[in-house]
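File shown: protein-v8.cif. Contents: mmCIF, C-alpha atoms.
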```
data_coords
#
loop_
_atom_site.label_atom_id
_atom_site.label_comp_id
_atom_site.auth_asym_id
_atom_site.auth_seq_id
_atom_site.Cartn_x
_atom_site.Cartn_y
_atom_site.Cartn_z
CA MET D 1 17.55 -0.55 -9.26
CA LEU D 2 17.82 -4.01 -10.83
CA GLU D 3 19.97 -5.80 -8.25
CA PRO D 4 16.98 -7.53 -6.54
CA LEU D 5 15.96 -8.96 -9.92
CA ARG D 6 19.22 -10.88 -10.15
CA GLN D 7 18.62 -13.01 -7.06
CA GLY D 8 18.14 -16.64 -8.04
CA LEU D 9 18.54 -15.94 -11.76
CA PRO D 10 21.44 -16.40 -14.15
CA PRO D 11 23.64 -13.31 -14.41
CA ILE D 12 22.46 -10.60 -16.78
CA ASP D 13 24.91 -10.11 -19.61
CA PRO D 14 25.19 -6.33 -20.19
CA SER D 15 25.55 -6.95 -23.93
CA ALA D 16 22.18 -8.73 -23.90
CA VAL D 17 20.27 -5.55 -22.91
CA SER D 18 18.20 -4.78 -25.94
CA GLY D 19 15.77 -2.11 -24.83
CA SER D 20 14.25 0.05 -22.16
CA ALA D 21 11.38 2.51 -22.17
CA THR D 22 9.87 4.77 -19.52
CA CYS D 23 6.50 6.45 -19.26
CA ALA D 24 5.46 9.09 -16.70
CA LEU D 25 1.86 8.65 -15.58
CA PRO D 26 -0.47 11.26 -14.10
CA ALA D 27 -2.19 10.65 -10.77
CA ARG D 28 -5.50 9.71 -12.42
CA TYR D 29 -7.08 6.30 -12.99
CA GLU D 30 -7.20 7.04 -16.72
CA ALA D 31 -3.43 6.57 -16.57
CA VAL D 32 -3.97 2.79 -16.51
CA GLY D 33 -5.22 2.90 -20.11
CA GLY D 34 -2.24 5.04 -21.08
CA ALA D 35 0.09 2.53 -19.44
CA ARG D 36 -1.50 -0.29 -21.46
CA GLN D 37 -1.13 1.69 -24.71
CA PHE D 38 2.51 2.46 -23.88
CA THR D 39 3.09 -1.24 -23.15
CA ARG D 40 1.46 -2.30 -26.44
CA SER D 41 3.54 0.08 -28.55
CA THR D 42 6.77 -0.80 -26.71
CA LEU D 43 6.26 -4.56 -26.96
CA THR D 44 5.30 -4.25 -30.62
CA GLY D 45 8.49 -2.30 -31.29
CA TRP D 46 10.49 -5.03 -29.57
CA GLY D 47 8.79 -7.82 -31.53
CA LEU D 48 7.05 -9.13 -28.40
CA SER D 49 3.39 -8.54 -29.34
CA GLU D 50 2.54 -12.13 -28.39
CA ARG D 51 3.35 -11.31 -24.74
CA PHE D 52 1.06 -8.26 -24.61
CA ASP D 53 -1.94 -9.83 -22.85
CA ASP D 54 -0.01 -11.14 -19.83
CA VAL D 55 2.31 -8.14 -19.56
CA ALA D 56 -0.53 -5.61 -19.96
CA LEU D 57 -2.57 -7.32 -17.23
CA VAL D 58 0.40 -7.12 -14.85
CA VAL D 59 1.16 -3.50 -15.83
CA SER D 60 -2.51 -2.59 -15.25
CA GLU D 61 -2.47 -4.14 -11.78
CA LEU D 62 0.83 -2.54 -10.75
CA VAL D 63 -0.23 0.91 -11.98
CA THR D 64 -3.67 0.59 -10.37
CA ASN D 65 -2.06 -0.40 -7.06
CA ALA D 66 0.30 2.58 -7.24
CA LEU D 67 -2.59 4.96 -7.93
CA ARG D 68 -4.88 3.43 -5.31
CA HIS D 69 -2.48 2.77 -2.45
CA ALA D 70 0.68 4.83 -2.93
CA LEU D 71 -0.50 8.36 -3.63
CA PRO D 72 -1.52 10.81 -0.92
CA ALA D 73 -5.26 11.43 -0.54
CA ASP D 74 -4.73 15.18 -0.95
CA PRO D 75 -2.32 15.79 -3.81
CA PRO D 76 0.00 18.78 -3.41
CA ARG D 77 -1.16 21.97 -5.12
CA GLU D 78 2.31 22.94 -6.37
CA PRO D 79 3.72 21.47 -9.58
CA GLN D 80 5.73 18.31 -9.12
CA ASP D 81 7.29 15.47 -11.04
CA PRO D 82 4.78 12.81 -12.20
CA PRO D 83 4.22 10.62 -9.16
CA VAL D 84 4.08 7.26 -10.96
CA ARG D 85 6.45 5.95 -13.64
CA LEU D 86 6.28 2.77 -15.67
CA HIS D 87 9.57 1.23 -16.80
CA LEU D 88 9.81 -1.61 -19.32
CA MET D 89 13.21 -3.27 -19.70
CA ARG D 90 14.12 -6.07 -22.08
CA TRP D 91 17.03 -8.47 -22.19
CA THR D 92 17.47 -11.44 -24.50
CA SER D 93 15.81 -13.84 -22.08
CA ARG D 94 13.68 -11.64 -19.83
CA LEU D 95 11.35 -8.69 -19.72
CA VAL D 96 10.79 -6.60 -16.62
CA CYS D 97 7.99 -4.16 -15.98
CA ALA D 98 8.51 -1.91 -12.97
CA VAL D 99 6.27 0.76 -11.48
CA ARG D 100 7.82 3.45 -9.31
CA ASP D 101 5.65 5.40 -6.88
CA PRO D 102 6.25 7.84 -4.00
CA SER D 103 5.13 5.54 -1.16
CA GLN D 104 7.62 3.71 1.02
CA ALA D 105 4.96 1.24 2.22
CA SER D 106 5.52 -2.32 1.07
CA PRO D 107 2.90 -3.88 -1.20
CA VAL D 108 0.82 -6.49 0.61
CA ALA D 109 -1.01 -9.34 -1.09
CA SER D 110 -4.37 -9.66 0.61
CA GLU D 111 -6.94 -12.40 0.76
CA ALA D 112 -10.00 -11.06 -1.04
CA ALA D 113 -13.45 -12.45 -0.34
CA ASP D 114 -15.03 -14.33 -3.24
CA SER D 115 -17.57 -11.54 -3.66
CA ALA D 116 -14.99 -8.71 -3.49
CA GLU D 117 -14.54 -6.57 -6.60
CA SER D 118 -10.92 -5.75 -5.80
CA GLY D 119 -8.02 -7.04 -3.72
CA ARG D 120 -6.61 -9.63 -6.11
CA GLY D 121 -4.06 -7.46 -7.94
CA LEU D 122 -0.86 -8.95 -6.52
CA PHE D 123 -2.29 -12.45 -6.85
CA LEU D 124 -2.77 -11.74 -10.58
CA VAL D 125 0.75 -10.28 -10.83
CA GLU D 126 2.14 -13.44 -9.22
CA SER D 127 0.02 -15.69 -11.44
CA PHE D 128 0.86 -14.08 -14.79
CA SER D 129 4.54 -13.19 -14.28
CA ASP D 130 7.42 -15.52 -13.50
CA CYS D 131 8.27 -13.63 -10.32
CA TRP D 132 7.69 -10.25 -8.74
CA GLY D 133 9.01 -8.17 -5.87
CA TRP D 134 9.69 -4.67 -4.69
CA HIS D 135 12.46 -2.55 -3.25
CA PRO D 136 12.97 1.05 -2.13
CA SER D 137 13.52 3.26 -5.14
CA PRO D 138 16.39 5.56 -5.81
CA VAL D 139 15.65 9.21 -5.11
CA LEU D 140 12.66 10.43 -7.12
CA GLY D 141 12.83 13.75 -8.89
CA THR D 142 15.78 15.85 -9.88
CA GLU D 143 17.59 18.86 -8.59
CA GLY D 144 15.51 21.91 -9.35
CA SER D 145 12.23 20.00 -8.95
CA PRO D 146 9.76 21.41 -6.40
CA HIS D 147 10.85 18.89 -3.76
CA GLY D 148 14.58 19.22 -4.45
CA GLY D 149 15.02 15.62 -5.62
CA LYS D 150 14.69 14.20 -2.11
CA LEU D 151 11.39 12.33 -2.40
CA ARG D 152 11.83 8.57 -2.05
CA GLY D 153 9.45 5.78 -2.82
CA LYS D 154 9.48 2.21 -4.03
CA VAL D 155 9.64 0.16 -7.20
CA VAL D 156 7.32 -2.83 -7.64
CA TRP D 157 8.51 -5.09 -10.46
CA ALA D 158 7.45 -8.21 -12.31
CA LEU D 159 9.70 -10.40 -14.43
CA PHE D 160 8.70 -12.39 -17.51
CA ARG D 161 11.04 -14.99 -18.95
CA LEU D 162 11.35 -14.84 -22.73
CA SER D 163 12.16 -17.77 -24.94
CA GLU D 164 15.69 -17.68 -26.30
CA PRO D 165 15.94 -16.77 -29.98
CA ALA D 166 16.54 -19.74 -32.26
#
```

Show this structure as structure tokens.
Amino acid sequence: MLEPLRQGLPPIDPSAVSGSATCALPARYEAVGGARQFTRSTLTGWGLSERFDDVALVVSELVTNALRHALPADPPREPQDPPVRLHLMRWTSRLVCAVRDPSQASPVASEAADSAESGRGLFLVESFSDCWGWHPSPVLGTEGSPHGGKLRGKVVWALFRLSEPA
């Protein structure tokens, strides 16, 4: 899942991995607030509270995009795995937030009119993170889930460089 993040960056030292956390989000817009709370508590636990504002803005935009553009208009009536997941991963020198959703459609940055109330999400992600991208996700779900673990989607990620410890 992380191979695209390595392009153009120094190699990731496996011993430098210092944390990861995952949060399943329901297919409701209230999930954006839950994603922000999860981000706050995770960053606080990692001693990165000073990065909360930028990371939370990016998390909010990625989760909102997943809820708005990646979920089917008519959700299935049968129980299923949560459709959107937020992953936070920390290394010594970088932090990655990644949102996995069931859509295979690529995210598209659009030109929003000055008077538009939406349409600037990926521009904000690009502005507040050091880089971002997306790739097809590994298989969503697990064996025994209602869809047999065969549902695929994508992961949209944003990377934040962290200052090296003194």

Inset, instruction - In Å, rounded to a single decimal, give me how far atom CA of Arg152 of chain D is from atom CA of Ser127 of chain D. - result: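 Distance between the two atoms: 28.6 Å.
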
Fewer than 3 positions away in the same chain doesn't count, so skip those; otherwise give me all residues within 6 Å of segment 91-99 of chain D, counting only C-alpha atoms, as a PDB file with C-alpha atoms, keeping the file's coordinate frame.
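around_35.pdb written:
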```pdb
ATOM      1  CA  ALA D  16      22.180  -8.730 -23.900  1.00  0.00           C
ATOM      2  CA  VAL D  17      20.270  -5.550 -22.910  1.00  0.00           C
ATOM      3  CA  SER D  18      18.200  -4.780 -25.940  1.00  0.00           C
ATOM      4  CA  ARG D  85       6.450   5.950 -13.640  1.00  0.00           C
ATOM      5  CA  LEU D  86       6.280   2.770 -15.670  1.00  0.00           C
ATOM      6  CA  HIS D  87       9.570   1.230 -16.800  1.00  0.00           C
ATOM      7  CA  LEU D  88       9.810  -1.610 -19.320  1.00  0.00           C
ATOM      8  CA  VAL D 155       9.640   0.160  -7.200  1.00  0.00           C
ATOM      9  CA  VAL D 156       7.320  -2.830  -7.640  1.00  0.00           C
ATOM     10  CA  TRP D 157       8.510  -5.090 -10.460  1.00  0.00           C
ATOM     11  CA  ALA D 158       7.450  -8.210 -12.310  1.00  0.00           C
ATOM     12  CA  LEU D 159       9.700 -10.400 -14.430  1.00  0.00           C
ATOM     13  CA  PHE D 160       8.700 -12.390 -17.510  1.00  0.00           C
ATOM     14  CA  ARG D 161      11.040 -14.990 -18.950  1.00  0.00           C
ATOM     15  CA  LEU D 162      11.350 -14.840 -22.730  1.00  0.00           C
ATOM     16  CA  GLU D 164      15.690 -17.680 -26.300  1.00  0.00           C
TER      17      GLU D 164
END
```

Inset, instruction - Run the PyMOL selection byres ((chain D and resi 39-42) around 10) on the file and write out the hits as a ChimeraX atom specification. - result: /D:19-23,33-38,43-49,51-53,55-56,59-60,86-89,97

Inset, instruction - Could you please determine the separation between atom CA of Leu124 of chain D and atom CA of Ser103 of chain D in Å, to one decimal place? - result: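 Going from atom CA of Leu124 of chain D over to atom CA of Ser103 of chain D covers 21.2 Å.
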
Inset, instruction - Have a look at D:Cys131, D:Val125, D:Leu62, D:Ala105 and name the one nearest to Val32 of chain D; count all atoms listed in the file. - result: D:Leu62

Inset, instruction - Output the residue selection produced by the PyMOL selection byres ((chain D and resi 134) around 8) on the file above, formatted as a list of chain:residue names. - result: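 So the PyMOL selection byres ((chain D and resi 134) around 8), applied here, picks out D:Ser106, D:Pro107, D:Trp132, D:Gly133, D:His135, D:Pro136, D:Lys154, D:Val155, D:Val156, D:Trp157.
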
Inset, instruction - Rank D:Pro83, D:Glu61, D:Ser163, D:His69 by their smallest atom-to-atom distance to Leu122 of chain D, using only C-alpha atoms, and report the top residue only. - result: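 Looking at the shortest contact to Leu122 of chain D, the residue is D:Glu61.
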
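Take atom CA of Phe128 of chain D and atom CA of Asp54 of chain D: the distance between them is 5.9 Å.
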
Legend entry - Residues within 6 Å of Val84 of chain D, all atoms listed in the file, excluding chain neighbours under 3 positions, as a VMD selection string: chain D and resid 25 100 to 101
